[in-house]
$ cat final02.txt   # compact mmCIF, C-alpha atoms
# COMPACT_ATOMS: atom_id res chain seq x y z
CA MET A 21 0.00 0.00 0.00
CA PRO A 22 1.50 3.38 -0.97
CA GLU A 23 2.43 5.70 1.84
CA LEU A 24 0.36 8.80 2.48
CA ASP A 25 1.81 12.19 1.63
CA ASP A 26 1.92 13.17 5.28
CA GLU A 27 3.87 10.03 6.13
CA LEU A 28 6.36 10.83 3.39
CA MET A 29 6.72 14.37 4.71
CA GLU A 30 7.39 13.02 8.18
CA ARG A 31 10.02 10.69 6.77
CA TYR A 32 11.61 13.60 4.92
CA GLN A 33 11.58 15.71 8.09
CA LYS A 34 13.54 12.92 9.76
CA GLY A 35 16.18 13.12 7.04
CA ASP A 36 15.02 10.63 4.39
CA GLU A 37 15.59 12.50 1.12
CA ASN A 38 14.07 9.71 -0.95
CA ALA A 39 10.73 10.50 0.62
CA PHE A 40 10.85 13.99 -0.89
CA THR A 41 11.76 12.58 -4.31
CA LEU A 42 8.79 10.25 -4.05
CA LEU A 43 6.51 13.17 -3.23
CA VAL A 44 7.78 15.09 -6.24
CA ARG A 45 7.26 12.12 -8.55
CA ARG A 46 3.76 11.64 -7.22
CA HIS A 47 2.65 15.26 -7.60
CA GLN A 48 4.70 16.69 -10.46
CA GLN A 49 2.24 15.85 -13.20
CA PRO A 50 -0.97 17.12 -11.53
CA LEU A 51 0.86 20.21 -10.31
CA ILE A 52 2.19 21.09 -13.77
CA ASN A 53 -1.24 20.47 -15.24
CA PHE A 54 -2.86 22.74 -12.67
CA ILE A 55 -0.38 25.57 -13.19
CA ALA A 56 -0.42 25.27 -16.98
CA ARG A 57 -4.22 25.36 -17.08
CA PHE A 58 -4.41 28.20 -14.61
CA ILE A 59 -1.81 30.52 -16.14
CA ASN A 60 -2.24 29.19 -19.69
CA ASP A 61 1.49 28.75 -20.23
CA LYS A 62 3.14 25.35 -20.32
CA ASP A 63 6.80 26.43 -20.14
CA SER A 64 6.30 28.71 -17.17
CA ALA A 65 4.22 25.96 -15.57
CA GLU A 66 7.29 23.72 -15.21
CA ASP A 67 9.28 26.56 -13.76
CA LEU A 68 6.57 27.45 -11.26
CA ALA A 69 6.06 23.80 -10.34
CA GLN A 70 9.77 23.54 -9.57
CA GLU A 71 9.56 26.72 -7.54
CA THR A 72 6.65 25.22 -5.60
CA PHE A 73 8.68 22.12 -4.76
CA ILE A 74 11.64 24.27 -3.74
CA ARG A 75 9.36 26.24 -1.38
CA ILE A 76 8.08 22.97 0.05
CA PHE A 77 11.66 21.71 0.40
CA LYS A 78 12.69 24.83 2.27
CA ALA A 79 9.64 24.98 4.49
CA ALA A 80 9.45 21.25 5.20
CA ASN A 81 10.59 21.66 8.79
CA ARG A 82 7.64 23.92 9.52
CA TYR A 83 5.12 21.50 8.01
CA LYS A 84 2.75 19.96 10.51
CA SER A 85 0.61 17.14 9.25
CA GLU A 86 -2.22 17.84 11.69
CA GLY A 87 -2.49 21.46 10.49
CA ALA A 88 -3.15 20.96 6.78
CA HIS A 89 -2.94 18.23 4.19
CA PHE A 90 0.10 18.07 1.99
CA LYS A 91 -1.91 18.32 -1.23
CA THR A 92 -3.83 21.41 -0.20
CA TRP A 93 -0.66 22.98 1.18
CA MET A 94 1.09 22.32 -2.16
CA TYR A 95 -1.77 23.80 -4.21
CA HIS A 96 -1.92 26.79 -1.86
CA ILE A 97 1.75 27.55 -2.47
CA ALA A 98 1.37 26.95 -6.21
CA SER A 99 -1.71 29.16 -6.55
CA ASN A 100 0.04 32.00 -4.73
CA LEU A 101 3.02 31.68 -7.05
CA CYS A 102 0.68 31.66 -10.05
CA LYS A 103 -1.10 34.78 -8.86
CA ASN A 104 2.24 36.55 -8.43
CA GLU A 105 3.34 35.40 -11.87
CA LEU A 106 0.14 36.68 -13.49
CA ARG A 107 0.46 39.97 -11.66
CA ASN A 108 4.05 40.39 -12.80
CA ARG A 109 3.15 39.32 -16.30
CA GLY A 110 0.34 41.84 -16.36
CA ARG A 111 2.90 44.50 -15.60
CA ARG A 112 5.38 43.29 -18.19
CA ASP A 113 3.23 42.31 -21.14
CA ARG A 114 -0.40 41.47 -21.13
CA TYR A 115 -0.30 38.73 -23.68
CA ARG A 116 2.12 35.96 -24.52
CA VAL A 117 1.61 34.12 -27.72
CA ASP A 118 4.54 31.74 -27.84
CA ASN A 119 3.91 29.32 -24.99
CA VAL A 120 0.16 29.35 -24.48
CA VAL A 121 -1.46 25.98 -23.98
CA ASN A 122 -3.49 24.73 -26.95
CA THR A 123 -3.80 28.10 -28.60
CA GLY A 124 -4.69 26.98 -32.06
CA SER A 125 -2.73 29.88 -33.46
CA ASP A 126 -1.13 29.68 -36.88
CA SER A 127 2.34 29.27 -35.48
CA ASP A 128 1.22 26.10 -33.77
CA GLY A 129 -0.33 24.64 -36.86
CA ASP A 130 2.53 22.31 -37.75
CA THR A 131 2.86 21.03 -34.23
CA GLU A 132 -0.84 20.35 -34.04
CA GLN A 133 -0.75 18.33 -37.23
CA VAL A 134 2.13 16.31 -35.91
CA ASP A 135 0.25 15.83 -32.64
CA LEU A 136 -2.82 14.62 -34.50
CA ILE A 137 -0.84 12.08 -36.46
CA ALA A 138 1.07 10.99 -33.40
CA SER A 139 -2.06 10.62 -31.34
CA ALA A 140 -4.00 8.83 -34.05
CA PRO A 141 -5.12 5.39 -32.97
CA ALA A 142 -3.98 2.43 -35.05
CA ASN A 143 -7.50 1.28 -35.97
CA SER A 144 -9.34 2.33 -39.08
CA ASP A 145 -12.09 4.25 -37.19
CA PHE A 146 -9.83 7.25 -36.82
CA GLN A 147 -11.36 10.27 -38.52
CA PRO A 148 -9.07 13.31 -38.92
CA GLU A 149 -12.07 15.69 -39.07
CA VAL A 150 -13.35 14.50 -35.74
CA ALA A 151 -9.91 14.75 -34.21
CA LEU A 152 -9.53 18.24 -35.58
CA GLU A 153 -12.90 19.24 -34.17
CA ARG A 154 -11.92 17.83 -30.82
CA LYS A 155 -8.66 19.76 -30.93
CA GLU A 156 -10.52 22.95 -31.76
CA LEU A 157 -12.89 22.36 -28.90
CA ARG A 158 -10.00 21.81 -26.51
CA ASN A 159 -8.40 25.04 -27.64
CA ALA A 160 -11.68 26.86 -27.24
CA ILE A 161 -12.13 25.45 -23.74
CA GLN A 162 -8.60 26.41 -22.71
CA LYS A 163 -9.13 29.90 -24.10
CA ALA A 164 -12.44 30.19 -22.28
CA ILE A 165 -10.86 29.07 -19.02
CA ALA A 166 -8.03 31.58 -19.48
CA GLU A 167 -10.58 34.35 -19.97
CA LEU A 168 -12.39 33.65 -16.72
CA PRO A 169 -11.71 36.05 -13.87
CA GLU A 170 -9.03 34.69 -11.55
CA GLN A 171 -11.36 34.21 -8.58
CA TYR A 172 -13.56 31.88 -10.66
CA ARG A 173 -10.84 30.24 -12.72
CA LEU A 174 -8.85 28.99 -9.75
CA PRO A 175 -11.65 26.97 -8.07
CA LEU A 176 -12.87 25.71 -11.44
CA VAL A 177 -9.45 24.35 -12.39
CA LEU A 178 -9.02 22.78 -8.97
CA ARG A 179 -12.43 21.13 -9.18
CA ASP A 180 -12.90 20.09 -12.80
CA LEU A 181 -9.32 19.52 -13.86
CA GLN A 182 -7.60 18.48 -10.65
CA GLY A 183 -10.56 16.74 -9.10
CA LEU A 184 -10.21 18.23 -5.63
CA SER A 185 -13.16 18.04 -3.27
CA TYR A 186 -15.02 21.19 -2.23
CA ASP A 187 -13.50 20.96 1.24
CA GLU A 188 -9.99 20.69 -0.18
CA ILE A 189 -10.60 23.66 -2.49
CA SER A 190 -11.91 25.68 0.44
CA GLU A 191 -8.72 24.82 2.31
CA VAL A 192 -6.48 25.78 -0.61
CA LEU A 193 -8.24 29.07 -1.24
CA GLU A 194 -9.03 29.78 2.41
CA LEU A 195 -12.68 30.30 1.58
CA ARG A 196 -15.88 29.16 3.20
CA SER A 197 -17.45 26.07 1.70
CA GLY A 198 -20.52 27.97 0.50
CA THR A 199 -18.40 30.57 -1.28
CA THR A 200 -16.37 27.85 -2.98
CA LYS A 201 -19.49 26.05 -4.24
CA SER A 202 -21.06 29.23 -5.51
CA ARG A 203 -17.87 30.32 -7.30
CA ILE A 204 -17.52 26.96 -9.02
CA ASN A 205 -21.13 27.03 -10.17
CA ARG A 206 -20.71 30.60 -11.38
CA ALA A 207 -17.50 29.67 -13.23
CA ARG A 208 -19.22 26.76 -14.96
CA LEU A 209 -22.11 28.99 -16.03
CA MET A 210 -19.68 31.55 -17.45
CA LEU A 211 -17.84 28.82 -19.28
CA LYS A 212 -21.10 27.48 -20.72
CA GLU A 213 -21.78 30.91 -22.21
CA LYS A 214 -18.28 31.21 -23.63
CA LEU A 215 -18.54 27.79 -25.25
CA LYS A 216 -21.93 28.51 -26.82
CA PRO A 217 -20.60 28.41 -30.40
CA PHE A 218 -19.09 24.95 -29.80
CA ILE A 219 -21.57 23.16 -27.57
CA MET B 18 -38.41 27.80 -8.05
CA ASN B 19 -37.69 30.21 -10.93
CA CYS B 20 -35.08 29.96 -13.69
CA LEU B 21 -32.41 31.98 -11.83
CA GLN B 22 -32.82 29.88 -8.71
CA ALA B 23 -32.66 26.70 -10.76
CA GLU B 24 -29.44 27.89 -12.40
CA GLU B 25 -27.85 28.29 -8.96
CA HIS B 26 -28.41 24.59 -8.33
CA PHE B 27 -26.99 23.26 -11.60
CA SER B 28 -23.69 22.13 -10.05
CA ALA B 29 -25.29 20.70 -6.92
CA HIS B 30 -27.76 18.70 -9.03
CA LEU B 31 -25.01 17.50 -11.34
CA GLU B 32 -22.98 16.31 -8.36
CA ASP B 33 -26.01 14.95 -6.58
CA THR B 34 -25.62 17.04 -3.44
CA LEU B 35 -29.05 18.71 -3.29
CA ASP B 36 -31.22 18.12 -0.25
CA TYR B 37 -34.53 16.36 -0.86
CA GLN B 38 -36.75 19.44 -0.78
CA THR B 39 -34.54 21.50 -3.13
CA LEU B 40 -34.15 18.50 -5.42
CA GLN B 41 -37.92 18.19 -5.77
CA GLY B 42 -38.31 21.92 -6.51
CA PHE B 43 -35.45 21.84 -9.04
CA GLU B 44 -36.74 18.80 -10.91
CA GLU B 45 -40.28 20.16 -11.01
CA HIS B 46 -38.99 23.41 -12.53
CA ILE B 47 -36.75 21.64 -15.07
CA ALA B 48 -39.65 19.40 -16.10
CA GLU B 49 -41.81 22.46 -16.79
CA CYS B 50 -39.24 24.91 -18.23
CA GLU B 51 -37.91 24.10 -21.69
CA ALA B 52 -35.30 26.87 -21.62
CA CYS B 53 -33.83 25.53 -18.38
CA GLN B 54 -33.82 22.00 -19.78
CA HIS B 55 -31.77 23.24 -22.71
CA GLU B 56 -29.42 25.31 -20.53
CA TYR B 57 -28.90 22.49 -18.09
CA ALA B 58 -28.04 20.08 -20.92
CA ARG B 59 -25.46 22.56 -22.25
CA PHE B 60 -24.13 23.07 -18.73
CA GLN B 61 -23.60 19.33 -18.32
CA GLU B 62 -21.88 19.08 -21.69
CA SER B 63 -19.50 21.95 -21.04
CA VAL B 64 -18.53 20.58 -17.62
CA LYS B 65 -17.88 17.18 -19.17
CA ALA B 66 -15.79 18.75 -21.93
CA VAL B 67 -13.63 20.60 -19.37
CA GLN B 68 -13.16 17.48 -17.29
CA GLU B 69 -12.04 15.57 -20.37
CA LEU B 70 -9.21 17.97 -21.20
CA PRO B 71 -5.97 15.97 -21.44
CA GLN B 72 -3.43 16.17 -18.65
CA ILE B 73 -0.29 18.12 -19.43
CA GLU B 74 2.76 15.94 -18.93
CA PRO B 75 6.04 17.21 -17.48
CA SER B 76 9.09 17.32 -19.72
CA PRO B 77 11.63 14.49 -19.30
CA TYR B 78 14.08 17.00 -17.81
CA PHE B 79 11.75 18.19 -15.08
CA MET B 80 13.15 16.01 -12.30
CA SER B 81 16.82 16.54 -13.17
CA THR B 82 16.34 20.32 -13.43
CA LEU B 83 14.57 20.34 -10.09
CA GLN B 84 17.36 18.34 -8.47
CA GLN B 85 19.91 20.82 -9.81
CA ARG B 86 17.92 23.74 -8.46
CA LEU B 87 17.54 22.06 -5.08
CA ALA B 88 21.28 21.40 -4.93
CA THR B 89 21.95 25.06 -5.72
CA GLU B 90 19.49 26.11 -3.02
CA GLN B 91 21.26 23.91 -0.49
CA ARG B 92 24.68 25.32 -1.38
CA GLN B 93 23.59 28.95 -1.18
CA PRO B 94 24.29 30.60 2.16
CA ARG B 95 21.18 31.88 3.79
CA GLY B 96 20.68 35.63 3.64
CA VAL B 97 20.66 37.79 6.76
CA LYS B 98 17.00 38.55 6.23
CA GLU B 99 16.07 34.88 5.99
CA ILE B 100 18.05 34.07 9.13
CA ALA B 101 16.34 36.93 10.96
CA VAL B 102 12.89 35.84 9.81
CA THR B 103 13.53 32.19 10.73
CA GLY B 104 14.93 33.20 14.10
CA TRP B 105 11.98 35.44 14.83
CA ARG B 106 9.54 32.67 13.84
CA ARG B 107 11.32 30.18 16.07
CA LEU B 108 11.21 32.63 18.96
CA LEU B 109 7.50 33.19 18.42
CA ASP B 110 6.91 29.43 18.22
CA THR B 111 8.75 28.98 21.49
CA LEU B 112 6.83 31.76 23.18
CA ARG B 113 3.55 30.28 21.98
CA ARG B 114 4.14 27.26 24.20
CA PRO B 115 2.23 27.78 27.47
CA LYS B 116 5.18 26.88 29.70
CA TRP B 117 7.46 29.42 28.07
CA ALA B 118 4.76 32.05 27.88
CA PHE B 119 4.10 31.68 31.62
CA SER B 120 7.81 31.77 32.49
CA GLY B 121 8.28 34.84 30.30
CA MET B 122 5.41 36.61 31.99
CA VAL B 123 6.73 35.82 35.48
CA ALA B 124 10.20 37.05 34.46
CA LEU B 125 8.69 40.25 33.11
CA ILE B 126 6.70 40.87 36.30
CA LEU B 127 9.79 40.23 38.45
CA ALA B 128 11.86 42.58 36.29
CA ALA B 129 9.18 45.30 36.54
CA ALA B 130 8.92 44.87 40.32
CA GLY B 131 12.71 44.94 40.70
CA THR B 132 12.99 48.13 38.68
CA TYR B 133 10.25 49.75 40.75
CA PHE B 134 11.84 48.88 44.10
CA TYR B 135 15.28 49.91 42.90
CA GLN B 136 14.01 53.34 41.85
CA GLU B 137 12.02 53.86 45.02
CA GLY B 138 15.02 52.74 47.06
CA PRO B 139 13.26 51.42 50.19
CA LEU B 140 15.86 48.65 50.62
CA PHE B 141 18.94 50.84 50.32
CA ASN B 142 18.06 53.95 52.34
CA ARG B 143 17.36 52.40 55.72
CA ASP B 144 19.65 54.64 57.75
CA SER B 145 21.52 57.88 57.48
CA HIS B 146 24.95 56.14 57.18
CA GLN B 147 23.98 54.61 53.91
CA VAL B 148 26.22 55.45 51.05
CA SER B 149 24.39 57.63 48.62
CA VAL B 150 24.52 56.23 45.15
CA ALA B 151 26.00 58.61 42.67
CA PRO B 152 24.45 59.01 39.23
CA THR B 153 25.76 56.73 36.55
CA SER B 154 27.64 59.50 34.76
CA GLN B 155 29.70 60.17 37.88
CA ARG B 156 30.18 56.56 38.84
CA GLN B 157 31.83 55.63 35.60
CA GLN B 158 34.83 57.74 34.93
CA ILE B 159 37.54 57.30 32.38
CA VAL B 160 40.91 57.55 34.11
CA PRO B 161 43.98 57.81 31.92
CA LEU B 162 46.88 55.52 32.65
CA PRO B 163 49.72 57.15 34.59
CA GLU B 164 52.35 56.65 31.91
CA MET B 165 50.33 58.74 29.51
CA PHE B 166 50.72 61.82 31.76
CA PRO B 167 54.16 62.53 33.24
CA SER B 168 52.80 65.32 35.37
CA ALA B 169 50.81 64.25 38.42
CA GLN B 170 48.40 67.12 38.12
CA GLN B 171 47.04 66.29 34.75
CA PRO B 172 45.05 63.18 35.51
CA ARG B 173 43.18 64.84 38.39
CA ARG B 174 42.29 67.80 36.27
CA LEU B 175 40.88 65.62 33.58
CA VAL B 176 38.91 63.24 35.73
CA GLY B 177 35.22 63.80 35.24
CA ASP B 178 35.55 65.50 31.89
CA ASN B 179 35.30 62.55 29.59
CA SER B 180 34.93 64.33 26.28
CA GLN B 181 37.93 66.52 26.85
CA LEU B 182 39.98 63.58 27.98
CA GLN B 183 39.04 61.47 25.02
CA GLN B 184 39.93 64.18 22.56
CA ARG B 185 43.31 64.87 24.14
CA SER B 186 44.23 61.22 24.59
CA VAL B 187 43.41 60.28 21.09
CA ARG B 188 45.36 63.15 19.70
CA SER B 189 48.40 62.62 21.94
CA THR B 190 48.80 58.83 21.58
CA PRO B 191 47.31 57.68 18.30
CA ALA B 192 49.55 54.61 18.02
CA GLN B 193 48.48 53.09 21.31
CA PRO B 194 45.62 50.60 21.31
CA MET B 195 42.39 51.62 22.94
CA HIS B 196 42.68 49.34 25.96
CA GLN B 197 46.04 50.86 26.84
CA ARG B 198 44.89 54.39 26.50
CA TYR B 199 41.90 54.20 28.80
CA MET B 200 40.98 52.33 31.89
CA LEU B 201 37.37 52.28 32.92
CA LYS B 202 37.13 52.73 36.62
CA GLN B 203 33.98 51.47 38.28
CA VAL B 204 33.21 53.18 41.57
CA SER B 205 31.18 50.73 43.58
CA TYR B 206 29.78 50.64 47.07
CA THR B 207 32.70 48.59 48.34
CA ASN B 208 35.52 50.91 47.32
CA VAL B 209 33.77 54.08 48.53
CA SER B 210 32.77 52.90 51.95
CA THR B 211 31.82 49.75 53.76
CA SER B 212 30.52 51.44 56.84
CA GLY B 213 26.89 51.38 55.76
CA GLY B 214 24.21 49.04 56.84
CA LEU B 215 24.55 46.64 53.96

$ encode --input "final02.txt" --output "structure tokens"
Amino acid sequence: MPELDDELMERYQKGDENAFTLLVRRHQQPLINFIARFINDKDSAEDLAQETFIRIFKAANRYKSEGAHFKTWMYHIASNLCKNELRNRGRRDRYRVDNVVNTGSDSDGDTEQVDLIASAPANSDFQPEVALERKELRNAIQKAIAELPEQYRLPLVLRDLQGLSYDEISEVLELRSGTTKSRINRARLMLKEKLKPFI
Amino acid sequence: MNCLQAEEHFSAHLEDTLDYQTLQGFEEHIAECEACQHEYARFQESVKAVQELPQIEPSPYFMSTLQQRLATEQRQPRGVKEIAVTGWRRLLDTLRRPKWAFSGMVALILAAAGTYFYQEGPLFNRDSHQVSVAPTSQRQQIVPLPEMFPSAQQPRRLVGDNSQLQQRSVRSTPAQPMHQRYMLKQVSYTNVSTSGGL
């Protein structure tokens, strides 16, 4: 049976560095996904995910398992870093075109074609038009998520893409449960309107 | 239930968390209202589409880059600010413990009481033979070493005038180290008089 995150943190606090490596391996993929979807930038997502793990590494001695869960603590740190990044980015340049996730821009056209071929299943049911439509829909969804106000986008990503419970999201965002639920519902309604041309 | 109220319960109905009464009201409204039926169907579809977005995978270099960054972090000496912040946090953590908080409070009260009694002086002025305590400025005097002044008159003249003495001494013997130039003389109760009631 795999060890719980809190147990791994305790082991790391006692000097077992492998426990920290195990934690990183376990959470790197969901964390990168969360950051990339939230800030809409895949390259910066890796950087911010690493920064999150470094913060955890440095603050590990202060971590108390009875105070908060590792996962919510990690997402809390990551979301604060993302907010800072977006704030700084807003000051520097409002839009970045090069690294956005699933933009569907012209510059990405070749890559998308390659992706479609690479992801094509081996059976004869594969229809390029359907795959293209699906790709377009994904791009539209990512764009719609990126356009949501931050206070709605964050709980939506945590709920629908990361699969956190309402209680966990409330813990990450330090909100009351009712506020979290209402924000997620509001975010989904906004998204439904934005995706009207596609759904 | 009207359309706006029904819309507020879309997520709760989708996740099956509505209480029985609200569930009945919601389903009655949806059954009657065609617009809400349509909107709710689109709502469900869009949520499903978001949830089906593919996961973004880390690059193959993620772990090695992270390990390099962690190694760099470990090698870097901690900044003064970080040390101060950590120290302050540790102190606060310690003081938050009830035992330490209580001890600290007792120590503070004792210190306050001691200061009060010392200033009031009820313990030290019991009789008229008591040595009067001179102010701090007079008790601590800088006395130059004899070899600095060949004449016997000079040291006496300068005693009690610290600023003058400092200026002259520094100018006259710049090569001598500080501890040779000055000697701090502490005038205490014992070397003034021991005839008091202490």

$ interface_residues --input "final02.txt" --of "chain B" --to "chain A" --cutoff "10 Å" --atoms "only C-alpha atoms" --output "ChimeraX atom specification"
/B:24-29,56-76,78-80,82-84,86-87,90-91,106-107

$ write_last_selection --input "final02.txt" --atoms "C-alpha atoms" --output "PDB file, keeping the file's coordinate frame"
ATOM      1  CA  GLU B  24     -29.440  27.890 -12.400  1.00  0.00           C
ATOM      2  CA  GLU B  25     -27.850  28.290  -8.960  1.00  0.00           C
ATOM      3  CA  HIS B  26     -28.410  24.590  -8.330  1.00  0.00           C
ATOM      4  CA  PHE B  27     -26.990  23.260 -11.600  1.00  0.00           C
ATOM      5  CA  SER B  28     -23.690  22.130 -10.050  1.00  0.00           C
ATOM      6  CA  ALA B  29     -25.290  20.700  -6.920  1.00  0.00           C
ATOM      7  CA  GLU B  56     -29.420  25.310 -20.530  1.00  0.00           C
ATOM      8  CA  TYR B  57     -28.900  22.490 -18.090  1.00  0.00           C
ATOM      9  CA  ALA B  58     -28.040  20.080 -20.920  1.00  0.00           C
ATOM     10  CA  ARG B  59     -25.460  22.560 -22.250  1.00  0.00           C
ATOM     11  CA  PHE B  60     -24.130  23.070 -18.730  1.00  0.00           C
ATOM     12  CA  GLN B  61     -23.600  19.330 -18.320  1.00  0.00           C
ATOM     13  CA  GLU B  62     -21.880  19.080 -21.690  1.00  0.00           C
ATOM     14  CA  SER B  63     -19.500  21.950 -21.040  1.00  0.00           C
ATOM     15  CA  VAL B  64     -18.530  20.580 -17.620  1.00  0.00           C
ATOM     16  CA  LYS B  65     -17.880  17.180 -19.170  1.00  0.00           C
ATOM     17  CA  ALA B  66     -15.790  18.750 -21.930  1.00  0.00           C
ATOM     18  CA  VAL B  67     -13.630  20.600 -19.370  1.00  0.00           C
ATOM     19  CA  GLN B  68     -13.160  17.480 -17.290  1.00  0.00           C
ATOM     20  CA  GLU B  69     -12.040  15.570 -20.370  1.00  0.00           C
ATOM     21  CA  LEU B  70      -9.210  17.970 -21.200  1.00  0.00           C
ATOM     22  CA  PRO B  71      -5.970  15.970 -21.440  1.00  0.00           C
ATOM     23  CA  GLN B  72      -3.430  16.170 -18.650  1.00  0.00           C
ATOM     24  CA  ILE B  73      -0.290  18.120 -19.430  1.00  0.00           C
ATOM     25  CA  GLU B  74       2.760  15.940 -18.930  1.00  0.00           C
ATOM     26  CA  PRO B  75       6.040  17.210 -17.480  1.00  0.00           C
ATOM     27  CA  SER B  76       9.090  17.320 -19.720  1.00  0.00           C
ATOM     28  CA  TYR B  78      14.080  17.000 -17.810  1.00  0.00           C
ATOM     29  CA  PHE B  79      11.750  18.190 -15.080  1.00  0.00           C
ATOM     30  CA  MET B  80      13.150  16.010 -12.300  1.00  0.00           C
ATOM     31  CA  THR B  82      16.340  20.320 -13.430  1.00  0.00           C
ATOM     32  CA  LEU B  83      14.570  20.340 -10.090  1.00  0.00           C
ATOM     33  CA  GLN B  84      17.360  18.340  -8.470  1.00  0.00           C
ATOM     34  CA  ARG B  86      17.920  23.740  -8.460  1.00  0.00           C
ATOM     35  CA  LEU B  87      17.540  22.060  -5.080  1.00  0.00           C
ATOM     36  CA  GLU B  90      19.490  26.110  -3.020  1.00  0.00           C
ATOM     37  CA  GLN B  91      21.260  23.910  -0.490  1.00  0.00           C
ATOM     38  CA  ARG B 106       9.540  32.670  13.840  1.00  0.00           C
ATOM     39  CA  ARG B 107      11.320  30.180  16.070  1.00  0.00           C
TER      40      ARG B 107
END

$ residues_around --input "final02.txt" --residues "region 184-194 of chain A" --least-positions-apart "6" --cutoff "7 Å" --atoms "only C-alpha atoms" --output "PyMOL selection string"
chain A and resi 92-93+95-96+175+178+200-201

$ write_last_selection --input "final02.txt" --atoms "C-alpha atoms" --output "tab-separated table (two decimals), in the coordinates of the input"
chain	number	residue	atom	x	y	z
A	92	THR	CA	-3.83	21.41	-0.20
A	93	TRP	CA	-0.66	22.98	1.18
A	95	TYR	CA	-1.77	23.80	-4.21
A	96	HIS	CA	-1.92	26.79	-1.86
A	175	PRO	CA	-11.65	26.97	-8.07
A	178	LEU	CA	-9.02	22.78	-8.97
A	200	THR	CA	-16.37	27.85	-2.98
A	201	LYS	CA	-19.49	26.05	-4.24

$ atom_distance --input "final02.txt" --atom1 "CA of Ala39 (chain A)" --atom2 "CA of Glu105 (chain A)"
28.8 Å

$ atom_distance --input "final02.txt" --atom1 "CA of Thr89 (chain B)" --atom2 "CA of Leu108 (chain B)"
28.0 Å

$ closest_residue --input "final02.txt" --among "A:Phe90, A:Ile76, A:Glu149, A:Asn60" --to "Leu24 (chain A)" --atoms "only C-alpha atoms"
A:Phe90

$ atom_distance --input "final02.txt" --atom1 "CA of Lys103 (chain A)" --atom2 "CA of Leu43 (chain A)"
23.6 Å
